Amino acid sequence: MKRTFSFFISVFLLSVLFLNPAGAAEVEKGYEEELEKQLRKTVHYYNENSFTVIDAYGMQGEVTKIVTPDDPSTSENEEVIEEYSSHIGVVFLELEQKRDDLFIFKKKDFYYYDFDNEEFLTATNVLGNDSIREFFDMYVDDLEKKMSPLSKLLFLFFLSFIITVPLFIMIFHNRGRSKY
């Protein structure tokens, strides 16, 4: 995991290195911890400390947030939208989900982070930026969730066990045969 973060730092925190070279390691460490907390909080069955960064991108861009949603019961539009400029980081990563300590799934997903406000964002907050949209479009075909090969083999074994055991019971334990 440390090997992937050396690449992560070079691409993702390039602007931080120019602004504050001594603080870049602290930012990377803090972001790694924040990302781990976010994954534990939001991803069901997340296998702790299992994410690896595939690619990352950082930029100064526009963030769009809906501060107050529109009330559908009134005819007026009360929706309040806040737009501000911030340092945005986008991470395309792969993580593991572990179910019942037997089945492991590999999932790839995007996470967006606002470094100035130190909060995670949704895609709708940042996809108005053309460069983030290009980064998203570059990896959108790679978004997937798949079962690991060992888990598939284990699943097929259990499935065949469910089918063959009753069949063997019927064949070898047939009380309908006459003993004469």
# chains A, B, ... in the order shown; residues from 1 in each chain; ligands from 1
$ residues_around --residues "region 110-114 of chain A" --least-positions-apart "4" --cutoff "10 Å" --atoms "only C-alpha atoms" --output "ChimeraX atom specification"
/A:31,34-35,38-39,53,55-58,60-61,63,85-94,118-123,125-127,132,136,139-140,143
$ residues_around --residues "Glu48 (chain A)" --least-positions-apart "6" --cutoff "10 Å" --atoms "only C-alpha atoms" --output "list in words"
Glu36, Lys37, Leu39, Arg40, Leu95, Glu96, Gln97 and Lys98 of chain A
$ write_last_selection --atoms "N, CA, C and O atoms" --output "PDB file, in the first residue's frame"
ATOM      1  N   GLU A  36      -9.510   6.341   4.797  1.00  0.00           N
ATOM      2  CA  GLU A  36      -9.785   5.079   5.491  1.00  0.00           C
ATOM      3  C   GLU A  36     -11.035   5.212   6.375  1.00  0.00           C
ATOM      4  O   GLU A  36     -11.899   4.334   6.376  1.00  0.00           O
ATOM      5  N   LYS A  37     -11.149   6.317   7.104  1.00  0.00           N
ATOM      6  CA  LYS A  37     -12.339   6.545   7.936  1.00  0.00           C
ATOM      7  C   LYS A  37     -13.603   6.627   7.086  1.00  0.00           C
ATOM      8  O   LYS A  37     -14.642   6.077   7.444  1.00  0.00           O
ATOM      9  N   LEU A  39     -14.136   5.296   4.123  1.00  0.00           N
ATOM     10  CA  LEU A  39     -14.469   3.972   3.586  1.00  0.00           C
ATOM     11  C   LEU A  39     -15.111   3.095   4.657  1.00  0.00           C
ATOM     12  O   LEU A  39     -16.077   2.382   4.384  1.00  0.00           O
ATOM     13  N   ARG A  40     -14.585   3.143   5.872  1.00  0.00           N
ATOM     14  CA  ARG A  40     -15.179   2.366   6.969  1.00  0.00           C
ATOM     15  C   ARG A  40     -16.610   2.809   7.252  1.00  0.00           C
ATOM     16  O   ARG A  40     -17.461   1.995   7.591  1.00  0.00           O
ATOM     17  N   LEU A  95     -10.908  -1.326  -3.666  1.00  0.00           N
ATOM     18  CA  LEU A  95     -11.012  -1.753  -2.279  1.00  0.00           C
ATOM     19  C   LEU A  95     -11.603  -3.150  -2.221  1.00  0.00           C
ATOM     20  O   LEU A  95     -12.133  -3.654  -3.209  1.00  0.00           O
ATOM     21  N   GLU A  96     -11.472  -3.774  -1.059  1.00  0.00           N
ATOM     22  CA  GLU A  96     -12.020  -5.110  -0.851  1.00  0.00           C
ATOM     23  C   GLU A  96     -13.222  -5.046   0.075  1.00  0.00           C
ATOM     24  O   GLU A  96     -13.216  -4.306   1.059  1.00  0.00           O
ATOM     25  N   GLN A  97     -14.210  -5.851  -0.253  1.00  0.00           N
ATOM     26  CA  GLN A  97     -15.349  -6.052   0.623  1.00  0.00           C
ATOM     27  C   GLN A  97     -15.337  -7.525   1.002  1.00  0.00           C
ATOM     28  O   GLN A  97     -15.255  -8.396   0.142  1.00  0.00           O
ATOM     29  N   LYS A  98     -15.403  -7.790   2.297  1.00  0.00           N
ATOM     30  CA  LYS A  98     -15.306  -9.156   2.806  1.00  0.00           C
ATOM     31  C   LYS A  98     -16.618  -9.529   3.472  1.00  0.00           C
ATOM     32  O   LYS A  98     -17.031  -8.893   4.439  1.00  0.00           O
TER      33      LYS A  98
END
$ residues_around --residues "Lys65 (chain A)" --least-positions-apart "5" --cutoff "7 Å" --atoms "only C-alpha atoms" --output "VMD selection string"
chain A and resid 81 to 83 125
$ atom_distance --atom1 "CA of Asp70 (chain A)" --atom2 "CA of Val43 (chain A)"
28.7 Å
$ closest_residue --among "A:Phe135, A:Phe161, A:Phe103, A:Phe115" --to "Ser148 (chain A)" --atoms "only C-alpha atoms"
A:Phe103
